[in-house]
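K.L.:
What follows is work_30.pdb, PDB, C-alpha atoms.
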```pdb
ATOM      1  CA  MET A   1      23.587 208.487  43.920  1.00  0.00           C
ATOM      2  CA  GLN A   2      23.566 209.508  47.588  1.00  0.00           C
ATOM      3  CA  ALA A   3      26.927 211.060  48.500  1.00  0.00           C
ATOM      4  CA  PRO A   4      28.366 209.380  51.598  1.00  0.00           C
ATOM      5  CA  ARG A   5      28.919 210.877  55.007  1.00  0.00           C
ATOM      6  CA  ALA A   6      30.634 207.613  55.974  1.00  0.00           C
ATOM      7  CA  ILE A   7      32.221 204.607  54.298  1.00  0.00           C
ATOM      8  CA  LEU A   8      32.103 201.216  56.007  1.00  0.00           C
ATOM      9  CA  PHE A   9      34.506 198.570  54.762  1.00  0.00           C
ATOM     10  CA  ASP A  10      34.791 194.832  54.908  1.00  0.00           C
ATOM     11  CA  LEU A  11      38.272 193.818  56.061  1.00  0.00           C
ATOM     12  CA  ASP A  12      39.648 190.640  54.445  1.00  0.00           C
ATOM     13  CA  GLY A  13      39.932 191.106  50.694  1.00  0.00           C
ATOM     14  CA  THR A  14      38.727 194.719  50.832  1.00  0.00           C
ATOM     15  CA  LEU A  15      41.032 196.817  52.991  1.00  0.00           C
ATOM     16  CA  ALA A  16      43.646 194.180  53.747  1.00  0.00           C
ATOM     17  CA  ASP A  17      45.261 191.309  51.909  1.00  0.00           C
ATOM     18  CA  THR A  18      45.184 188.760  54.736  1.00  0.00           C
ATOM     19  CA  ALA A  19      45.104 185.648  52.539  1.00  0.00           C
ATOM     20  CA  PRO A  20      48.836 184.824  52.912  1.00  0.00           C
ATOM     21  CA  ASP A  21      48.546 184.356  56.678  1.00  0.00           C
ATOM     22  CA  LEU A  22      45.160 182.621  56.451  1.00  0.00           C
ATOM     23  CA  ALA A  23      46.613 180.183  53.928  1.00  0.00           C
ATOM     24  CA  ALA A  24      49.770 179.617  55.951  1.00  0.00           C
ATOM     25  CA  ALA A  25      47.668 178.636  58.959  1.00  0.00           C
ATOM     26  CA  VAL A  26      45.637 176.033  57.091  1.00  0.00           C
ATOM     27  CA  ASN A  27      48.716 174.644  55.349  1.00  0.00           C
ATOM     28  CA  HIS A  28      50.341 174.240  58.757  1.00  0.00           C
ATOM     29  CA  LEU A  29      47.444 171.943  59.632  1.00  0.00           C
ATOM     30  CA  ARG A  30      48.124 169.911  56.519  1.00  0.00           C
ATOM     31  CA  MET A  31      51.871 169.694  57.093  1.00  0.00           C
ATOM     32  CA  VAL A  32      51.582 168.472  60.698  1.00  0.00           C
ATOM     33  CA  ARG A  33      49.395 165.709  59.296  1.00  0.00           C
ATOM     34  CA  GLY A  34      52.055 164.740  56.779  1.00  0.00           C
ATOM     35  CA  MET A  35      50.224 166.280  53.838  1.00  0.00           C
ATOM     36  CA  GLU A  36      51.600 168.520  51.096  1.00  0.00           C
ATOM     37  CA  PRO A  37      50.614 172.212  51.260  1.00  0.00           C
ATOM     38  CA  THR A  38      47.612 173.244  49.197  1.00  0.00           C
ATOM     39  CA  PRO A  39      48.733 175.657  46.443  1.00  0.00           C
ATOM     40  CA  TYR A  40      48.188 179.294  47.383  1.00  0.00           C
ATOM     41  CA  ALA A  41      46.388 179.913  44.089  1.00  0.00           C
ATOM     42  CA  ILE A  42      43.654 177.513  45.265  1.00  0.00           C
ATOM     43  CA  LEU A  43      43.397 178.950  48.762  1.00  0.00           C
ATOM     44  CA  ARG A  44      43.428 182.690  47.993  1.00  0.00           C
ATOM     45  CA  PRO A  45      39.977 182.919  46.341  1.00  0.00           C
ATOM     46  CA  THR A  46      38.398 181.350  49.449  1.00  0.00           C
ATOM     47  CA  ALA A  47      39.927 183.767  51.964  1.00  0.00           C
ATOM     48  CA  SER A  48      36.822 185.923  52.372  1.00  0.00           C
ATOM     49  CA  ALA A  49      34.916 182.841  53.573  1.00  0.00           C
ATOM     50  CA  GLY A  50      37.252 182.377  56.554  1.00  0.00           C
ATOM     51  CA  ALA A  51      37.510 178.928  58.132  1.00  0.00           C
ATOM     52  CA  ARG A  52      34.722 177.542  55.970  1.00  0.00           C
ATOM     53  CA  GLY A  53      36.538 178.561  52.800  1.00  0.00           C
ATOM     54  CA  MET A  54      40.046 177.636  53.875  1.00  0.00           C
ATOM     55  CA  ILE A  55      39.225 174.243  55.378  1.00  0.00           C
ATOM     56  CA  GLY A  56      36.940 173.473  52.482  1.00  0.00           C
ATOM     57  CA  ALA A  57      39.705 174.172  49.961  1.00  0.00           C
ATOM     58  CA  ALA A  58      42.503 172.503  51.925  1.00  0.00           C
ATOM     59  CA  PHE A  59      40.680 169.446  53.282  1.00  0.00           C
ATOM     60  CA  GLY A  60      37.512 169.149  51.217  1.00  0.00           C
ATOM     61  CA  LEU A  61      35.314 169.352  54.320  1.00  0.00           C
ATOM     62  CA  THR A  62      32.176 171.348  55.050  1.00  0.00           C
ATOM     63  CA  PRO A  63      30.879 172.441  58.479  1.00  0.00           C
ATOM     64  CA  ALA A  64      28.519 169.442  58.406  1.00  0.00           C
ATOM     65  CA  ASP A  65      31.366 166.918  58.015  1.00  0.00           C
ATOM     66  CA  GLU A  66      33.004 164.938  60.800  1.00  0.00           C
ATOM     67  CA  GLY A  67      36.384 166.396  61.698  1.00  0.00           C
ATOM     68  CA  TYR A  68      35.592 169.889  60.459  1.00  0.00           C
ATOM     69  CA  GLU A  69      35.102 171.404  63.908  1.00  0.00           C
ATOM     70  CA  THR A  70      38.414 170.022  65.188  1.00  0.00           C
ATOM     71  CA  LEU A  71      40.215 171.518  62.198  1.00  0.00           C
ATOM     72  CA  ARG A  72      38.399 174.822  62.616  1.00  0.00           C
ATOM     73  CA  LEU A  73      39.459 175.241  66.233  1.00  0.00           C
ATOM     74  CA  GLU A  74      43.029 174.221  65.463  1.00  0.00           C
ATOM     75  CA  TRP A  75      43.122 176.620  62.505  1.00  0.00           C
ATOM     76  CA  PHE A  76      41.872 179.442  64.733  1.00  0.00           C
ATOM     77  CA  ASP A  77      44.674 178.864  67.231  1.00  0.00           C
ATOM     78  CA  ARG A  78      47.351 178.643  64.546  1.00  0.00           C
ATOM     79  CA  TYR A  79      46.115 181.762  62.759  1.00  0.00           C
ATOM     80  CA  GLN A  80      45.929 183.762  65.981  1.00  0.00           C
ATOM     81  CA  SER A  81      49.596 183.017  66.647  1.00  0.00           C
ATOM     82  CA  ALA A  82      50.710 184.496  63.296  1.00  0.00           C
ATOM     83  CA  MET A  83      48.097 186.905  61.929  1.00  0.00           C
ATOM     84  CA  ALA A  84      50.239 189.758  60.646  1.00  0.00           C
ATOM     85  CA  VAL A  85      53.343 188.088  59.273  1.00  0.00           C
ATOM     86  CA  HIS A  86      52.543 188.734  55.615  1.00  0.00           C
ATOM     87  CA  SER A  87      49.202 190.587  55.805  1.00  0.00           C
ATOM     88  CA  SER A  88      49.103 194.217  54.648  1.00  0.00           C
ATOM     89  CA  LEU A  89      46.785 196.857  53.230  1.00  0.00           C
ATOM     90  CA  PHE A  90      46.090 196.591  49.520  1.00  0.00           C
ATOM     91  CA  ASP A  91      47.878 199.050  47.250  1.00  0.00           C
ATOM     92  CA  GLY A  92      45.958 202.306  47.163  1.00  0.00           C
ATOM     93  CA  VAL A  93      44.101 201.770  50.437  1.00  0.00           C
ATOM     94  CA  PRO A  94      46.282 204.170  52.489  1.00  0.00           C
ATOM     95  CA  GLU A  95      45.719 206.881  49.872  1.00  0.00           C
ATOM     96  CA  LEU A  96      41.975 206.115  49.850  1.00  0.00           C
ATOM     97  CA  ILE A  97      41.791 206.557  53.616  1.00  0.00           C
ATOM     98  CA  GLU A  98      43.810 209.763  53.418  1.00  0.00           C
ATOM     99  CA  GLY A  99      41.348 211.061  50.856  1.00  0.00           C
ATOM    100  CA  LEU A 100      38.388 210.237  53.086  1.00  0.00           C
ATOM    101  CA  ASN A 101      40.004 211.951  56.042  1.00  0.00           C
ATOM    102  CA  ALA A 102      40.776 215.030  53.957  1.00  0.00           C
ATOM    103  CA  ALA A 103      37.155 215.187  52.770  1.00  0.00           C
ATOM    104  CA  GLY A 104      35.795 214.849  56.283  1.00  0.00           C
ATOM    105  CA  ILE A 105      34.143 211.505  55.504  1.00  0.00           C
ATOM    106  CA  ALA A 106      34.036 209.093  58.427  1.00  0.00           C
ATOM    107  CA  TRP A 107      35.062 205.481  57.891  1.00  0.00           C
ATOM    108  CA  GLY A 108      35.095 202.221  59.767  1.00  0.00           C
ATOM    109  CA  VAL A 109      35.418 198.444  59.510  1.00  0.00           C
ATOM    110  CA  VAL A 110      32.579 195.908  59.566  1.00  0.00           C
ATOM    111  CA  THR A 111      33.857 192.347  59.200  1.00  0.00           C
ATOM    112  CA  ASN A 112      32.723 188.790  59.861  1.00  0.00           C
ATOM    113  CA  LYS A 113      36.146 188.100  61.378  1.00  0.00           C
ATOM    114  CA  PRO A 114      35.776 187.303  65.110  1.00  0.00           C
ATOM    115  CA  ALA A 115      36.989 189.945  67.553  1.00  0.00           C
ATOM    116  CA  ARG A 116      39.729 187.635  68.875  1.00  0.00           C
ATOM    117  CA  PHE A 117      41.435 188.198  65.513  1.00  0.00           C
ATOM    118  CA  THR A 118      40.164 191.631  64.526  1.00  0.00           C
ATOM    119  CA  ASP A 119      41.136 193.468  67.699  1.00  0.00           C
ATOM    120  CA  PRO A 120      44.865 192.586  67.587  1.00  0.00           C
ATOM    121  CA  LEU A 121      45.133 192.636  63.776  1.00  0.00           C
ATOM    122  CA  ILE A 122      43.647 196.085  63.095  1.00  0.00           C
ATOM    123  CA  PRO A 123      46.470 198.099  64.738  1.00  0.00           C
ATOM    124  CA  GLN A 124      49.182 195.847  63.300  1.00  0.00           C
ATOM    125  CA  ILE A 125      48.195 196.600  59.694  1.00  0.00           C
ATOM    126  CA  GLY A 126      47.736 200.347  60.044  1.00  0.00           C
ATOM    127  CA  LEU A 127      44.000 200.696  60.717  1.00  0.00           C
ATOM    128  CA  ALA A 128      44.089 201.735  64.373  1.00  0.00           C
ATOM    129  CA  HIS A 129      42.480 205.074  63.519  1.00  0.00           C
ATOM    130  CA  ALA A 130      39.266 203.508  62.143  1.00  0.00           C
ATOM    131  CA  GLY A 131      36.181 205.317  63.386  1.00  0.00           C
ATOM    132  CA  CYS A 132      34.624 202.011  64.390  1.00  0.00           C
ATOM    133  CA  VAL A 133      35.433 198.310  64.257  1.00  0.00           C
ATOM    134  CA  VAL A 134      32.539 195.850  64.226  1.00  0.00           C
ATOM    135  CA  SER A 135      33.569 192.183  64.277  1.00  0.00           C
ATOM    136  CA  GLY A 136      31.655 189.073  63.322  1.00  0.00           C
ATOM    137  CA  ASP A 137      30.630 188.423  66.917  1.00  0.00           C
ATOM    138  CA  THR A 138      29.953 192.034  67.960  1.00  0.00           C
ATOM    139  CA  THR A 139      26.233 191.640  67.249  1.00  0.00           C
ATOM    140  CA  PRO A 140      24.051 188.500  67.442  1.00  0.00           C
ATOM    141  CA  HIS A 141      24.160 188.238  63.642  1.00  0.00           C
ATOM    142  CA  SER A 142      26.922 188.345  61.036  1.00  0.00           C
ATOM    143  CA  LYS A 143      26.743 189.382  57.406  1.00  0.00           C
ATOM    144  CA  PRO A 144      24.702 189.033  55.210  1.00  0.00           C
ATOM    145  CA  HIS A 145      22.420 190.145  58.062  1.00  0.00           C
ATOM    146  CA  PRO A 146      22.409 193.966  58.221  1.00  0.00           C
ATOM    147  CA  ALA A 147      22.818 194.117  62.033  1.00  0.00           C
ATOM    148  CA  PRO A 148      26.626 194.617  61.964  1.00  0.00           C
ATOM    149  CA  LEU A 149      26.253 197.438  59.430  1.00  0.00           C
ATOM    150  CA  PHE A 150      23.595 199.132  61.538  1.00  0.00           C
ATOM    151  CA  GLU A 151      25.962 198.830  64.499  1.00  0.00           C
ATOM    152  CA  GLY A 152      28.790 200.444  62.538  1.00  0.00           C
ATOM    153  CA  ALA A 153      26.596 203.337  61.431  1.00  0.00           C
ATOM    154  CA  GLN A 154      25.371 203.849  64.992  1.00  0.00           C
ATOM    155  CA  ARG A 155      28.916 203.926  66.348  1.00  0.00           C
ATOM    156  CA  LEU A 156      29.834 206.574  63.790  1.00  0.00           C
ATOM    157  CA  GLY A 157      26.678 208.531  64.594  1.00  0.00           C
ATOM    158  CA  ILE A 158      25.564 208.557  60.957  1.00  0.00           C
ATOM    159  CA  ALA A 159      22.296 207.304  59.482  1.00  0.00           C
ATOM    160  CA  PRO A 160      22.643 204.061  57.476  1.00  0.00           C
ATOM    161  CA  GLU A 161      21.228 205.695  54.340  1.00  0.00           C
ATOM    162  CA  GLN A 162      24.125 208.154  54.443  1.00  0.00           C
ATOM    163  CA  CYS A 163      26.693 205.335  54.452  1.00  0.00           C
ATOM    164  CA  TRP A 164      28.294 203.317  51.683  1.00  0.00           C
ATOM    165  CA  TYR A 165      29.359 199.736  52.333  1.00  0.00           C
ATOM    166  CA  VAL A 166      32.339 198.322  50.445  1.00  0.00           C
ATOM    167  CA  GLY A 167      33.169 194.620  50.181  1.00  0.00           C
ATOM    168  CA  ASP A 168      34.518 191.839  47.997  1.00  0.00           C
ATOM    169  CA  ASP A 169      31.914 189.156  48.703  1.00  0.00           C
ATOM    170  CA  LEU A 170      28.255 188.710  47.786  1.00  0.00           C
ATOM    171  CA  ARG A 171      27.378 188.695  51.497  1.00  0.00           C
ATOM    172  CA  ASP A 172      28.743 192.237  51.741  1.00  0.00           C
ATOM    173  CA  ILE A 173      26.457 193.508  49.003  1.00  0.00           C
ATOM    174  CA  GLU A 174      23.457 191.670  50.451  1.00  0.00           C
ATOM    175  CA  ALA A 175      24.147 193.137  53.897  1.00  0.00           C
ATOM    176  CA  GLY A 176      24.629 196.647  52.539  1.00  0.00           C
ATOM    177  CA  ARG A 177      21.428 196.479  50.511  1.00  0.00           C
ATOM    178  CA  ALA A 178      19.486 195.163  53.526  1.00  0.00           C
ATOM    179  CA  ALA A 179      20.828 198.063  55.610  1.00  0.00           C
ATOM    180  CA  GLY A 180      19.710 200.633  53.034  1.00  0.00           C
ATOM    181  CA  MET A 181      23.286 201.649  52.201  1.00  0.00           C
ATOM    182  CA  VAL A 182      24.857 202.344  48.839  1.00  0.00           C
ATOM    183  CA  THR A 183      26.791 199.172  47.986  1.00  0.00           C
ATOM    184  CA  VAL A 184      30.221 198.948  46.398  1.00  0.00           C
ATOM    185  CA  ALA A 185      31.815 195.727  45.118  1.00  0.00           C
ATOM    186  CA  CYS A 186      35.592 195.894  44.899  1.00  0.00           C
ATOM    187  CA  ALA A 187      37.141 193.925  42.074  1.00  0.00           C
ATOM    188  CA  TRP A 188      40.604 193.977  43.647  1.00  0.00           C
ATOM    189  CA  GLY A 189      39.387 191.539  46.311  1.00  0.00           C
ATOM    190  CA  TYR A 190      39.465 187.764  46.427  1.00  0.00           C
ATOM    191  CA  CYS A 191      36.446 187.219  44.165  1.00  0.00           C
ATOM    192  CA  GLY A 192      38.116 188.922  41.209  1.00  0.00           C
ATOM    193  CA  ALA A 193      36.593 191.179  38.576  1.00  0.00           C
ATOM    194  CA  GLU A 194      34.057 188.839  36.924  1.00  0.00           C
ATOM    195  CA  GLU A 195      32.039 187.337  39.782  1.00  0.00           C
ATOM    196  CA  PRO A 196      30.843 190.680  41.264  1.00  0.00           C
ATOM    197  CA  LEU A 197      29.185 191.615  37.949  1.00  0.00           C
ATOM    198  CA  GLY A 198      26.122 189.617  38.958  1.00  0.00           C
ATOM    199  CA  TRP A 199      25.773 190.901  42.519  1.00  0.00           C
ATOM    200  CA  GLY A 200      23.735 193.994  41.731  1.00  0.00           C
ATOM    201  CA  ALA A 201      25.999 196.405  43.615  1.00  0.00           C
ATOM    202  CA  ASP A 202      25.479 200.116  43.049  1.00  0.00           C
ATOM    203  CA  TYR A 203      29.147 200.444  42.108  1.00  0.00           C
ATOM    204  CA  LEU A 204      31.795 198.020  40.892  1.00  0.00           C
ATOM    205  CA  VAL A 205      35.272 199.527  41.255  1.00  0.00           C
ATOM    206  CA  ALA A 206      38.567 198.125  40.060  1.00  0.00           C
ATOM    207  CA  THR A 207      40.937 199.908  42.461  1.00  0.00           C
ATOM    208  CA  PRO A 208      40.832 201.942  45.686  1.00  0.00           C
ATOM    209  CA  HIS A 209      41.614 205.007  43.577  1.00  0.00           C
ATOM    210  CA  ASP A 210      38.477 204.335  41.492  1.00  0.00           C
ATOM    211  CA  LEU A 211      36.434 204.183  44.690  1.00  0.00           C
ATOM    212  CA  LEU A 212      37.770 207.551  45.825  1.00  0.00           C
ATOM    213  CA  ARG A 213      36.919 209.040  42.434  1.00  0.00           C
ATOM    214  CA  ALA A 214      33.373 207.616  42.654  1.00  0.00           C
ATOM    215  CA  ILE A 215      32.935 209.184  46.091  1.00  0.00           C
ATOM    216  CA  GLN A 216      34.237 212.514  44.842  1.00  0.00           C
ATOM    217  CA  ALA A 217      31.943 212.397  41.801  1.00  0.00           C
ATOM    218  CA  ALA A 218      28.864 211.596  43.914  1.00  0.00           C
ATOM    219  CA  THR A 219      29.742 214.412  46.306  1.00  0.00           C
ATOM    220  CA  ALA A 220      30.220 216.896  43.464  1.00  0.00           C
ATOM    221  CA  ALA A 221      26.946 215.838  41.828  1.00  0.00           C
ATOM    222  CA  GLN A 222      25.060 216.309  45.078  1.00  0.00           C
ATOM    223  CA  MET A 223      26.581 219.757  45.580  1.00  0.00           C
ATOM    224  CA  ASN A 224      25.663 220.764  42.028  1.00  0.00           C
ATOM    225  CA  ALA A 225      22.084 219.568  42.574  1.00  0.00           C
ATOM    226  CA  LEU A 226      21.809 221.686  45.723  1.00  0.00           C
ATOM    227  CA  VAL A 227      22.881 224.869  43.976  1.00  0.00           C
ATOM    228  CA  ALA A 228      20.971 224.257  40.736  1.00  0.00           C
TER     229      ALA A 228
END
```
What would you get if you wrote out this structure as structure tokens?
P.N.:
Amino acid sequence: MQAPRAILFDLDGTLADTAPDLAAAVNHLRMVRGMEPTPYAILRPTASAGARGMIGAAFGLTPADEGYETLRLEWFDRYQSAMAVHSSLFDGVPELIEGLNAAGIAWGVVTNKPARFTDPLIPQIGLAHAGCVVSGDTTPHSKPHPAPLFEGAQRLGIAPEQCWYVGDDLRDIEAGRAAGMVTVACAWGYCGAEEPLGWGADYLVATPHDLLRAIQAATAAQMNALVA
């Protein structure tokens, strides 16, 4: 497997556990309408799908339904006012990033989250030193289109085929494959350990520490092949 010169990460459900604040925002919409909060256990698995997932789980509406757009805009405003109250990096992510820095491997963020949220959130959760941040509206297309991943690789100055892309959603793996990158599905994300088994990712890792070990193993194997 191609050893990486750079790792590009999805944000929600991959680097950061943002579901608590996403869920709080949609439950605020329910409460101001006199409705009981939707249980967090129902909302959390939908967090990677953003407004579509949250509003779908909390109100049973799809983007094609009447009233969805009003809820979406209201949810955006509520979430923007309280994005980093309970959000934090997943356990092991700081050590993973330290390991990448120590190995001289560049890293960055490629997310479908709009820049109005990404730009203020990134520094608040300890990712201000990312080599690049590509948001859902940075390019004309969002994942699963490969354009955002190509943009991230270009900003890092590294060829796409020398990058790995890590995410917790099928769209992440589809985008990474379309960009010619090694793909990594993370089982610590919102989709859990079972669903990613059918995505066809090059790697399925259970923890950030497992990802770092996979990177180190690929790097060692490539070095051994060069000297053999």
K.L.:
Can you tell me which residues surround A:Val166 at a distance of at most 10 Å, considering only C-alpha atoms, apart from same-chain residues fewer than 4 positions away, and format the answer as number ranges by chain?
P.N.:
A: 7-11, 14-15, 109-110, 172-173, 176, 181-186, 201, 203-205, 211
K.L.:
Please identify all polymer residues within 12 Å of A:Pro160, counting all atoms listed in the file, omitting same-chain residues fewer than 2 positions from it, and present them as a ChimeraX atom specification.
P.N.:
/A:2,4-8,146-158,162-165,175-183
K.L.:
Convert the current residue selection to file output with C-alpha atoms, as a PDB file, keeping the file's coordinate frame.
P.N.:
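Contents of the output file out06.pdb:
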```pdb
ATOM      1  CA  GLN A   2      23.566 209.508  47.588  1.00  0.00           C
ATOM      2  CA  PRO A   4      28.366 209.380  51.598  1.00  0.00           C
ATOM      3  CA  ARG A   5      28.919 210.877  55.007  1.00  0.00           C
ATOM      4  CA  ALA A   6      30.634 207.613  55.974  1.00  0.00           C
ATOM      5  CA  ILE A   7      32.221 204.607  54.298  1.00  0.00           C
ATOM      6  CA  LEU A   8      32.103 201.216  56.007  1.00  0.00           C
ATOM      7  CA  PRO A 146      22.409 193.966  58.221  1.00  0.00           C
ATOM      8  CA  ALA A 147      22.818 194.117  62.033  1.00  0.00           C
ATOM      9  CA  PRO A 148      26.626 194.617  61.964  1.00  0.00           C
ATOM     10  CA  LEU A 149      26.253 197.438  59.430  1.00  0.00           C
ATOM     11  CA  PHE A 150      23.595 199.132  61.538  1.00  0.00           C
ATOM     12  CA  GLU A 151      25.962 198.830  64.499  1.00  0.00           C
ATOM     13  CA  GLY A 152      28.790 200.444  62.538  1.00  0.00           C
ATOM     14  CA  ALA A 153      26.596 203.337  61.431  1.00  0.00           C
ATOM     15  CA  GLN A 154      25.371 203.849  64.992  1.00  0.00           C
ATOM     16  CA  ARG A 155      28.916 203.926  66.348  1.00  0.00           C
ATOM     17  CA  LEU A 156      29.834 206.574  63.790  1.00  0.00           C
ATOM     18  CA  GLY A 157      26.678 208.531  64.594  1.00  0.00           C
ATOM     19  CA  ILE A 158      25.564 208.557  60.957  1.00  0.00           C
ATOM     20  CA  GLN A 162      24.125 208.154  54.443  1.00  0.00           C
ATOM     21  CA  CYS A 163      26.693 205.335  54.452  1.00  0.00           C
ATOM     22  CA  TRP A 164      28.294 203.317  51.683  1.00  0.00           C
ATOM     23  CA  TYR A 165      29.359 199.736  52.333  1.00  0.00           C
ATOM     24  CA  ALA A 175      24.147 193.137  53.897  1.00  0.00           C
ATOM     25  CA  GLY A 176      24.629 196.647  52.539  1.00  0.00           C
ATOM     26  CA  ARG A 177      21.428 196.479  50.511  1.00  0.00           C
ATOM     27  CA  ALA A 178      19.486 195.163  53.526  1.00  0.00           C
ATOM     28  CA  ALA A 179      20.828 198.063  55.610  1.00  0.00           C
ATOM     29  CA  GLY A 180      19.710 200.633  53.034  1.00  0.00           C
ATOM     30  CA  MET A 181      23.286 201.649  52.201  1.00  0.00           C
ATOM     31  CA  VAL A 182      24.857 202.344  48.839  1.00  0.00           C
ATOM     32  CA  THR A 183      26.791 199.172  47.986  1.00  0.00           C
TER      33      THR A 183
END
```
K.L.:
I need the residue set behind the PyMOL selection byres ((chain A and resi 137) around 9) for this file; please write it as a PyMOL selection string.
P.N.:
chain A and resi 112-115+134-136+138-142+148
K.L.:
Check which residues satisfy the PyMOL selection byres ((chain A and resi 210) around 12) in the file shown, then give them as a list in words.
P.N.:
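This file gives the following for the PyMOL selection byres ((chain A and resi 210) around 12): Gly92, Val93, Glu95, Leu96, Gly99, Val184, Ala185, Cys186, Ala187, Trp188, Tyr203, Leu204, Val205, Ala206, Thr207, Pro208, His209, Leu211, Leu212, Arg213, Ala214, Ile215, Gln216 and Ala217 of chain A.
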K.L.:
Would you mind telling me which residue in A:Glu69, A:Glu174, A:Ala58, A:Gly126 lies nearest to A:Met35 when using all atoms listed in the file?
P.N.:
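Ranking A:Glu69, A:Glu174, A:Ala58, A:Gly126 by distance to A:Met35, first place goes to A:Ala58.
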K.L.:
Restricting the calculation to all atoms listed in the file, which member of A:Gln222, A:Ser88, A:Ser48, A:Gln80 is positioned closest to A:Thr118?
P.N.:
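Result for the nearest residue to A:Thr118: A:Gln80.
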K.L.:
With the file shown as input, list the residues that the PyMOL selection byres ((chain A and resi 26) around 9) selects, as a VMD selection string.
P.N.:
chain A and resid 21 to 25 27 to 31 37 to 38 51 54 to 55 58 71 74 to 75 78 to 79
K.L.:
Grab the atom CA of A:Glu195 to atom CA of A:Asp168 distance for me, in Å with one decimal place.
P.N.:
9.7 Å
K.L.:
Name the residues within 6 Å of (40.1, 188.0, 49.2), counting only C-alpha atoms in the file's coordinates, and put them as a PyMOL selection string.
P.N.:
chain A and resi 12-13+45+47-48+189-190
K.L.:
Quick one: pull the distance between atom CA of A:Leu100 and atom CA of A:Gly131, Å, one decimal.
P.N.:
11.6 Å
K.L.:
May I ask for the distance between atom CA of A:Trp199 and atom CA of A:Gly167, given in Å to one decimal place?
P.N.:
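Between atom CA of A:Trp199 and atom CA of A:Gly167 the gap is 11.3 Å.
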K.L.:
For A:Ala16, which residue out of A:Gly198, A:Pro94, A:Gly60, A:Gly34 is the nearest one, using all atoms listed in the file?
P.N.:
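Using all atoms listed in the file, A:Ala16 sits closest to A:Pro94.
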K.L.:
Export N, CA and C atoms of stretch 122-133 of chain A from the structure just given, as a short mmCIF file (atom, residue, chain, number, x, y, z; two decimals), in the first residue's frame?
P.N.:
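Wrote it out as result_3.cif, contents follow:
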```cif
data_model
loop_
_atom_site.label_atom_id
_atom_site.label_comp_id
_atom_site.auth_asym_id
_atom_site.auth_seq_id
_atom_site.Cartn_x
_atom_site.Cartn_y
_atom_site.Cartn_z
N ILE A 122 -12.85 25.18 13.80
CA ILE A 122 -11.53 24.54 13.73
C ILE A 122 -10.59 25.03 14.84
N PRO A 123 -10.40 26.34 15.03
CA PRO A 123 -9.47 26.76 16.09
C PRO A 123 -9.99 26.49 17.50
N GLN A 124 -11.32 26.44 17.66
CA GLN A 124 -11.88 26.24 19.00
C GLN A 124 -11.70 24.82 19.51
N ILE A 125 -11.49 23.86 18.60
CA ILE A 125 -11.35 22.46 19.04
C ILE A 125 -9.92 21.95 18.86
N GLY A 126 -8.98 22.85 18.64
CA GLY A 126 -7.58 22.46 18.65
C GLY A 126 -7.01 22.02 17.32
N LEU A 127 -7.59 22.48 16.20
CA LEU A 127 -7.10 22.08 14.89
C LEU A 127 -6.59 23.26 14.07
N ALA A 128 -6.24 24.35 14.75
CA ALA A 128 -5.82 25.56 14.04
C ALA A 128 -4.56 25.35 13.22
N HIS A 129 -3.77 24.33 13.55
CA HIS A 129 -2.51 24.11 12.85
C HIS A 129 -2.65 23.14 11.68
N ALA A 130 -3.89 22.87 11.24
CA ALA A 130 -4.09 22.02 10.06
C ALA A 130 -3.40 22.63 8.84
N GLY A 131 -2.82 21.79 8.01
CA GLY A 131 -2.14 22.28 6.83
C GLY A 131 -3.06 22.88 5.80
N CYS A 132 -4.31 22.44 5.79
CA CYS A 132 -5.33 23.02 4.93
C CYS A 132 -6.69 22.73 5.53
N VAL A 133 -7.66 23.56 5.21
CA VAL A 133 -9.05 23.33 5.60
C VAL A 133 -9.90 23.60 4.37
#
```
